[in-house]
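Colleague: Contents of entry_0.cif (mmCIF, C-alpha atoms and all ligand atoms) are given next:
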```
data_run
#
loop_
_atom_site.label_atom_id
_atom_site.label_comp_id
_atom_site.auth_asym_id
_atom_site.auth_seq_id
_atom_site.Cartn_x
_atom_site.Cartn_y
_atom_site.Cartn_z
CA MET A 1 -7.53 13.12 -24.26
CA ASP A 2 -8.32 11.82 -27.74
CA SER A 3 -9.67 14.32 -30.22
CA VAL A 4 -11.25 14.43 -33.66
CA SER A 5 -9.48 16.12 -36.56
CA GLY A 6 -11.43 16.05 -39.80
CA ASP A 7 -12.24 12.39 -40.48
CA GLN A 8 -9.52 11.14 -38.15
CA ILE A 9 -9.23 10.38 -34.44
CA VAL A 10 -6.05 11.63 -32.80
CA CYS A 11 -4.68 9.68 -29.84
CA GLY A 12 -4.00 11.93 -26.86
CA TYR A 13 -0.92 9.97 -25.81
CA HIS A 14 1.48 10.26 -28.81
CA GLY A 15 -0.64 11.97 -31.47
CA TRP A 16 -1.17 8.89 -33.68
CA ARG A 17 -3.97 9.48 -36.15
CA TYR A 18 -6.50 6.83 -37.19
CA ASP A 19 -8.90 6.87 -40.12
CA GLY A 20 -12.51 5.65 -40.15
CA GLU A 21 -11.42 2.06 -40.82
CA GLY A 22 -9.22 2.03 -37.73
CA CYS A 23 -5.94 2.23 -39.69
CA CYS A 24 -3.12 4.37 -38.31
CA VAL A 25 -2.35 6.92 -41.04
CA HIS A 26 0.07 9.25 -39.28
CA ILE A 27 2.62 9.03 -36.47
CA PRO A 28 4.22 12.39 -35.66
CA LEU A 29 7.44 10.82 -34.32
CA LEU A 30 8.27 8.94 -37.54
CA ARG A 31 11.09 10.31 -39.65
CA GLN A 32 10.27 12.15 -42.88
CA GLY A 33 8.82 9.76 -45.49
CA ALA A 34 8.35 6.79 -43.11
CA GLN A 35 4.90 5.21 -43.07
CA PRO A 36 3.03 3.75 -40.09
CA ASP A 37 3.23 -0.02 -39.74
CA PRO A 38 0.03 -1.54 -41.28
CA ARG A 39 -0.35 -3.61 -38.11
CA ALA A 40 -0.94 -0.39 -36.17
CA ARG A 41 -4.70 -0.48 -36.36
CA VAL A 42 -7.62 -0.59 -33.96
CA ARG A 43 -11.13 -1.99 -34.22
CA SER A 44 -13.63 0.30 -35.83
CA PHE A 45 -17.37 0.37 -35.23
CA PRO A 46 -20.35 1.57 -37.27
CA CYS A 47 -21.66 4.85 -35.95
CA VAL A 48 -24.10 7.59 -36.83
CA GLU A 49 -24.53 11.16 -35.62
CA GLN A 50 -28.08 12.06 -34.64
CA ASP A 51 -29.96 14.02 -31.98
CA ALA A 52 -26.79 15.65 -30.59
CA TYR A 53 -25.19 12.26 -29.92
CA LEU A 54 -22.81 9.91 -31.65
CA TRP A 55 -24.46 6.47 -31.69
CA VAL A 56 -22.00 3.58 -31.76
CA ARG A 57 -22.85 -0.08 -32.15
CA SER A 58 -19.90 -1.92 -30.68
CA GLY A 59 -21.32 -5.44 -30.69
CA ALA A 60 -22.29 -5.96 -34.33
CA GLU A 61 -20.35 -6.11 -37.55
CA ALA A 62 -23.26 -5.09 -39.74
CA PRO A 63 -23.92 -1.38 -40.21
CA PRO A 64 -26.58 -0.32 -37.72
CA ALA A 65 -29.99 0.82 -38.69
CA LEU A 66 -30.42 4.43 -37.67
CA PRO A 67 -31.59 4.64 -34.07
CA ALA A 68 -35.12 5.92 -33.66
CA ARG A 69 -35.16 9.70 -33.46
CA ILE A 70 -35.44 11.17 -29.97
CA GLY A 71 -36.70 14.36 -31.55
CA ARG A 72 -37.73 17.45 -29.64
CA MET A 73 -34.20 17.67 -28.19
CA GLU A 74 -34.33 21.46 -28.09
CA GLU A 75 -37.66 21.54 -26.26
CA PHE A 76 -36.25 20.02 -23.06
CA ILE A 77 -33.46 20.50 -20.55
CA TRP A 78 -31.63 17.17 -20.29
CA GLN A 79 -29.66 15.51 -17.56
CA GLN A 80 -27.55 12.47 -18.36
CA GLY A 81 -25.85 9.76 -16.33
CA THR A 82 -24.77 6.15 -16.36
CA LEU A 83 -25.01 3.25 -13.96
CA ALA A 84 -23.27 -0.15 -14.17
CA MET A 85 -25.46 -3.07 -13.11
CA GLN A 86 -24.65 -6.70 -12.36
CA CYS A 87 -27.70 -8.05 -14.16
CA ALA A 88 -28.74 -8.91 -17.70
CA ALA A 89 -29.87 -5.95 -19.80
CA THR A 90 -33.17 -7.73 -20.37
CA LEU A 91 -33.99 -7.50 -16.67
CA GLY A 92 -33.49 -3.75 -16.80
CA ILE A 93 -35.73 -3.42 -19.84
CA GLU A 94 -38.47 -5.49 -18.22
CA ASN A 95 -38.20 -3.44 -15.04
CA ASN A 96 -39.07 -0.25 -16.86
CA LEU A 97 -42.13 -1.81 -18.49
CA ASP A 98 -43.39 -3.03 -15.14
CA TRP A 99 -46.51 -0.98 -14.58
CA CYS A 100 -46.90 -1.76 -10.88
CA HIS A 101 -43.52 -2.04 -9.20
CA PRO A 102 -42.83 1.61 -8.18
CA VAL A 103 -45.33 1.55 -5.31
CA CYS A 104 -43.28 -1.14 -3.57
CA ALA A 105 -39.81 -0.62 -5.02
CA HIS A 106 -39.49 3.16 -4.82
CA PRO A 107 -40.64 4.34 -1.39
CA TRP A 108 -40.37 8.11 -0.95
CA THR A 109 -38.71 8.63 -4.35
CA HIS A 110 -41.32 7.97 -7.05
CA GLY A 111 -44.51 9.79 -7.97
CA GLN A 112 -46.48 6.54 -8.09
CA PHE A 113 -45.53 5.81 -4.49
CA PHE A 114 -46.84 9.17 -3.33
CA ARG A 115 -50.04 8.84 -5.34
CA ASN A 116 -50.63 5.49 -3.75
CA GLN A 117 -50.05 6.92 -0.28
CA LEU A 118 -52.72 9.51 -0.99
CA ALA A 119 -55.30 7.46 -2.86
CA GLY A 120 -54.54 3.79 -2.23
CA PHE A 121 -54.94 0.97 -4.70
CA THR A 122 -57.70 0.96 -7.30
CA GLU A 123 -58.65 -1.20 -10.23
CA HIS A 124 -57.99 0.18 -13.70
CA THR A 125 -56.64 -0.91 -17.05
CA TYR A 126 -53.56 -0.40 -19.10
CA GLU A 127 -53.03 -1.33 -22.72
CA THR A 128 -50.15 -2.84 -24.64
CA ARG A 129 -49.62 -2.58 -28.37
CA VAL A 130 -46.93 -4.44 -30.24
CA THR A 131 -45.07 -2.29 -32.79
CA ASP A 132 -42.59 -3.05 -35.57
CA THR A 133 -39.74 -2.19 -33.21
CA GLY A 134 -41.04 -3.39 -29.85
CA VAL A 135 -43.99 -2.68 -27.62
CA VAL A 136 -45.73 0.31 -26.11
CA LEU A 137 -47.70 0.41 -22.86
CA PHE A 138 -50.05 3.16 -21.81
CA GLY A 139 -52.87 3.84 -19.44
CA PRO A 140 -55.74 4.25 -19.43
CA ALA A 141 -56.56 1.83 -22.22
CA ALA A 142 -58.08 3.23 -25.42
CA ALA A 143 -61.79 2.58 -25.92
CA HIS A 144 -61.33 0.69 -29.17
CA GLU A 145 -58.58 -1.28 -30.82
CA THR A 146 -58.38 1.08 -33.78
CA ASP A 147 -58.23 4.24 -31.65
CA PRO A 148 -54.89 6.06 -31.57
CA ILE A 149 -53.02 6.22 -28.28
CA PRO A 150 -54.93 8.81 -26.20
CA GLU A 151 -53.34 12.25 -25.96
CA SER A 152 -54.22 12.45 -22.28
CA PHE A 153 -52.49 9.28 -21.07
CA TRP A 154 -51.40 9.05 -17.44
CA PHE A 155 -48.26 7.21 -18.35
CA LYS A 156 -46.65 5.79 -21.47
CA ALA A 157 -43.68 3.44 -21.72
CA ARG A 158 -42.22 2.47 -25.04
CA PHE A 159 -39.61 -0.18 -25.75
CA ASP A 160 -37.71 -0.11 -29.03
CA LEU A 161 -35.24 -2.78 -30.05
CA PRO A 162 -32.50 -3.29 -29.33
CA GLU A 163 -32.35 -1.52 -25.94
CA ARG A 164 -34.21 1.79 -25.72
CA LEU A 165 -36.97 2.72 -23.29
CA THR A 166 -38.91 5.97 -23.47
CA LEU A 167 -41.09 6.90 -20.50
CA GLU A 168 -43.53 9.79 -20.62
CA PHE A 169 -45.50 11.06 -17.67
CA GLY A 170 -48.89 12.69 -17.60
CA ALA A 171 -50.78 15.26 -19.55
CA GLY A 172 -48.74 17.74 -21.54
CA GLN A 173 -45.79 15.34 -21.74
CA ARG A 174 -43.49 17.80 -20.06
CA MET A 175 -41.32 15.12 -18.50
CA LEU A 176 -39.48 12.43 -20.37
CA ILE A 177 -37.00 9.69 -19.46
CA ILE A 178 -34.98 7.86 -22.10
CA MET A 179 -32.89 4.86 -21.12
CA HIS A 180 -30.59 2.55 -23.00
CA LEU A 181 -29.85 -0.79 -21.35
CA VAL A 182 -26.52 -1.61 -22.96
CA PRO A 183 -25.25 -5.19 -22.48
CA THR A 184 -21.67 -5.27 -21.19
CA GLY A 185 -21.63 -9.06 -20.75
CA THR A 186 -24.04 -11.97 -20.58
CA ASP A 187 -25.27 -10.95 -17.14
CA THR A 188 -24.09 -7.38 -16.83
CA CYS A 189 -25.24 -4.14 -18.37
CA ARG A 190 -24.91 -0.40 -18.22
CA LEU A 191 -27.88 1.91 -17.83
CA GLU A 192 -27.42 5.09 -19.87
CA TRP A 193 -30.13 7.46 -18.76
CA LEU A 194 -31.46 10.81 -19.92
CA ASN A 195 -34.01 12.74 -17.90
CA ALA A 196 -35.75 15.64 -19.59
CA ILE A 197 -37.93 18.43 -18.29
CA MET A 198 -39.60 20.99 -20.50
CA PRO A 199 -38.89 24.47 -19.12
CA SER A 200 -41.70 26.93 -18.75
CA SER A 201 -39.81 29.60 -20.67
CA ARG A 202 -39.04 28.80 -24.27
CA PRO A 203 -37.38 28.64 -26.70
CA LEU A 204 -34.02 27.28 -25.58
CA ALA A 205 -30.87 28.17 -27.41
CA GLY A 206 -29.76 24.82 -28.79
CA VAL A 207 -29.62 21.44 -27.08
CA ARG A 208 -28.79 21.51 -23.37
CA VAL A 209 -27.52 18.35 -21.69
CA ARG A 210 -25.96 18.32 -18.22
CA TRP A 211 -23.87 15.38 -17.05
CA SER A 212 -24.76 14.04 -13.62
CA GLU A 213 -22.08 12.51 -11.43
CA GLU A 214 -24.72 11.57 -8.88
CA ASP A 215 -26.66 8.36 -9.15
CA SER A 216 -30.41 8.81 -9.03
CA THR A 217 -31.91 7.17 -5.95
CA VAL A 218 -34.69 5.66 -8.09
CA PHE A 219 -32.16 3.95 -10.33
CA MET A 220 -30.19 2.75 -7.31
CA GLN A 221 -33.35 1.23 -5.86
CA ASP A 222 -33.98 -0.60 -9.12
CA ARG A 223 -30.37 -1.78 -9.31
CA LEU A 224 -30.55 -3.34 -5.85
CA LEU A 225 -33.64 -5.33 -6.83
CA LEU A 226 -32.45 -6.28 -10.30
CA GLU A 227 -29.08 -7.55 -9.09
CA SER A 228 -30.90 -9.56 -6.45
CA ALA A 229 -33.24 -10.96 -9.12
CA GLN A 230 -30.25 -11.86 -11.30
CA ARG A 231 -28.68 -13.88 -8.49
CA ALA A 232 -32.00 -15.58 -7.75
CA ASN A 233 -32.45 -16.46 -11.44
CA GLU A 234 -28.97 -17.99 -11.56
CA ARG A 235 -29.56 -19.93 -8.36
CA GLU A 236 -33.11 -21.14 -8.93
CA GLY A 237 -33.53 -21.16 -12.74
CA ALA A 238 -36.75 -20.47 -14.60
CA GLU A 239 -38.81 -22.25 -11.93
CA PHE A 240 -38.13 -19.34 -9.61
CA GLU A 241 -40.33 -16.94 -11.53
CA ASN A 242 -44.08 -16.55 -11.22
CA SER A 243 -46.04 -13.98 -13.19
CA VAL A 244 -49.49 -12.38 -13.03
CA GLY A 245 -51.59 -10.47 -15.55
CA ALA A 246 -49.96 -7.16 -14.61
CA ASP A 247 -46.72 -8.56 -16.07
CA THR A 248 -48.17 -8.81 -19.58
CA CYS A 249 -46.01 -6.05 -21.05
CA THR A 250 -42.75 -7.27 -19.54
CA LEU A 251 -43.41 -10.78 -20.84
CA LEU A 252 -44.21 -9.42 -24.30
CA ALA A 253 -40.92 -7.49 -24.33
CA ARG A 254 -39.06 -10.64 -23.31
CA ARG A 255 -40.56 -12.57 -26.23
CA ILE A 256 -39.76 -9.76 -28.68
CA ILE A 257 -36.14 -9.64 -27.51
CA ALA A 258 -35.87 -13.43 -27.87
CA LEU A 259 -37.37 -13.36 -31.37
CA ALA A 260 -35.01 -10.55 -32.40
CA ALA A 261 -32.05 -12.58 -31.12
CA GLN A 262 -33.20 -15.40 -33.43
CA GLN A 263 -33.41 -12.96 -36.38
CA ARG A 264 -37.19 -13.50 -36.38
CA TRP A 265 -38.28 -9.93 -35.75
CA PRO A 266 -40.35 -8.25 -37.13
CA SER A 267 -41.26 -11.23 -39.36
CA ALA A 268 -42.76 -13.08 -36.35
CA ARG A 269 -44.73 -10.06 -35.15
CA GLY A 270 -47.99 -11.74 -36.16
CA THR A 271 -47.45 -14.45 -33.53
CA LEU A 272 -47.93 -11.89 -30.75
CA PRO A 273 -51.19 -10.17 -29.81
CA HIS A 274 -51.33 -6.74 -31.45
CA ARG A 275 -53.24 -5.33 -28.51
CA ARG A 276 -53.97 -6.40 -24.96
CA VAL A 277 -56.00 -4.59 -22.32
CA VAL A 278 -54.90 -5.60 -18.84
CA ALA A 279 -56.91 -5.01 -15.68
CA VAL A 280 -54.75 -4.40 -12.62
CA HIS A 281 -55.27 -3.60 -8.99
CA ALA A 282 -52.65 -0.95 -8.61
CA TRP A 283 -51.86 2.63 -7.87
CA GLU A 284 -54.29 5.41 -8.53
CA ASN A 285 -53.35 7.88 -11.24
CA HIS A 286 -56.54 9.49 -12.48
CA HIS A 287 -56.06 13.19 -13.17
CA ASP A 288 -59.76 13.70 -12.85
CA SER A 289 -60.42 11.30 -9.98
CA THR A 290 -62.86 12.39 -7.33
FE FE B 301 -38.18 1.12 -10.96
#
```
Rewrite the structure of this file - the entire thing - as structure tokens.

Modeller:
Amino acid sequence: MDSVSGDQIVCGYHGWRYDGEGCCVHIPLLRQGAQPDPRARVRSFPCVEQDAYLWVRSGAEAPPALPARIGRMEEFIWQQGTLAMQCAATLGIENNLDWCHPVCAHPWTHGQFFRNQLAGFTEHTYETRVTDTGVVLFGPAAAHETDPIPESFWFKARFDLPERLTLEFGAGQRMLIIMHLVPTGTDTCRLEWLNAIMPSSRPLAGVRVRWSEEDSTVFMQDRLLLESAQRANEREGAEFENSVGADTCTLLARRIIALAAQQRWPSARGTLPHRRVVAVHAWENHHDST
């Protein structure tokens, strides 16, 4: 197992030590006074330490901007896992901004499915707002464009470039899901997920994260559909897809990702609607419904 010693990483196989540039600076088996061969080096990546994690950008040469703060790490109990998916990361991002899919895609596993079983479909609105780093969706829509996002939202989903999704559920915001859709190839990705629940007894002593070896059934349900969609996209091309108004947020995210890939974000932000209110015929989620 590799380990960290000061500013160096120590290989667990033969004890070779590497500095922050990836250069081998010490080999225990060399005779006294001998220096490591300069060719003994590995790739190095920009990284930052924040929110109890080490954030590494492996796909870019430029130093990364600091990732957005998760914040409130010590207020929640966290569970973490990972899931490899045979689909483009963009599909995974769009999936989590899809306001309406859980009723159909997550039978017997998702709160929206159960709400729909109890109350059926109703008409209501959600709102999207484009931000400097992506887009945020919440429901119900605010009364006015200049109003802040309501404190008592039913649901809020935020996408931040390049790959983070933050989902918050219900009043009190006691449940949080953070996902990173990390590209591992053109049409493959890895879902790194963090589920958080705020315990009733506080405060916690430090940050608590538990690794999960089990795959969440909800994520497995999404993976099945997304991998199927990936194959259909490859087979049928863009003509395969049809969209409706409920897809407004996913389509906005797609455009933002495309603009960012062209180095046109946030400079092109003004070409997108700052705010959209979308009427949908979907699951019921009124706290105060009668
Ligand atoms: Fe889903």

Colleague: Go ahead and compute the interatomic distance for CA of Leu165 in chain A and CA of Asn96 in chain A, in Å to one decimal.

Modeller: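 Computed distance, CA of Leu165 in chain A to CA of Asn96 in chain A, equals 7.4 Å.
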
Colleague: If you count all atoms listed in the file, which residues end up within 7 Å of ligand FE 301 (chain B), as a PyMOL selection string?

Modeller: chain A and resi 95-96+101-102+105-106+218-219+222

Colleague: Looking at A:Val135, A:Val277, A:Leu29, A:Cys47, which one is nearest to Glu94 in chain A, with distances taken over all atoms listed in the file?

Modeller: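 That would be A:Val135, the residue with the smallest distance to Glu94 in chain A.
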
Colleague: For range 93-174 of chain A against range 184-194 of chain A, with a cut-off of 10 Å and counting all atoms listed in the file, what is the closest atom pair and its distance in Å to one decimal for every residue that makes the cut, ordered by chain and number, as a Markdown table?

Modeller:
```
| residue | atom | partner | partner_atom | distance |
| --- | --- | --- | --- | --- |
| A:Ile93 | CA | A:Leu191 | CA | 9.7 |
| A:Glu163 | CA | A:Leu191 | CA | 9.9 |
| A:Arg164 | CA | A:Glu192 | CA | 9.6 |
| A:Leu165 | CA | A:Trp193 | CA | 9.5 |
| A:Thr166 | CA | A:Leu194 | CA | 9.6 |
```

Colleague: Counting all atoms listed in the file, figure out which residue out of A:His144, A:Arg276, A:Arg57, A:Arg223 gets nearest to Pro162 in chain A.

Modeller: A:Arg57

Colleague: Which residue gives the smallest distance to Asp51 in chain A among A:Glu74, A:Glu234, A:Asp7, A:Glu127, with all atoms listed in the file counted?

Modeller: A:Glu74

Colleague: Work out how far apart CA of Leu176 in chain A and CA of Leu259 in chain A are and give it in Å to one decimal.

Modeller: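 Computed distance, CA of Leu176 in chain A to CA of Leu259 in chain A, equals 28.1 Å.
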
Colleague: Please write as a short mmCIF file (atom, residue, chain, number, x, y, z; two decimals) with C-alpha atoms, keeping the file's coordinate frame the list of polymer residues whose atoms come within 10 Å of (-14.9, -0.4, -33.9), counting only C-alpha atoms and keeping to the coordinates of the file.

Modeller:
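Generated output (point.cif):
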```cif
data_model
loop_
_atom_site.label_atom_id
_atom_site.label_comp_id
_atom_site.auth_asym_id
_atom_site.auth_seq_id
_atom_site.Cartn_x
_atom_site.Cartn_y
_atom_site.Cartn_z
CA GLY A 20 -12.51 5.65 -40.15
CA GLU A 21 -11.42 2.06 -40.82
CA GLY A 22 -9.22 2.03 -37.73
CA VAL A 42 -7.62 -0.59 -33.96
CA ARG A 43 -11.13 -1.99 -34.22
CA SER A 44 -13.63 0.30 -35.83
CA PHE A 45 -17.37 0.37 -35.23
CA PRO A 46 -20.35 1.57 -37.27
CA CYS A 47 -21.66 4.85 -35.95
CA VAL A 56 -22.00 3.58 -31.76
CA ARG A 57 -22.85 -0.08 -32.15
CA SER A 58 -19.90 -1.92 -30.68
CA GLY A 59 -21.32 -5.44 -30.69
CA ALA A 60 -22.29 -5.96 -34.33
CA GLU A 61 -20.35 -6.11 -37.55
#
```

Colleague: In Å to one decimal, how far is CA of Val130 in chain A from CA of Pro273 in chain A?

Modeller: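 It comes out at 7.2 Å.
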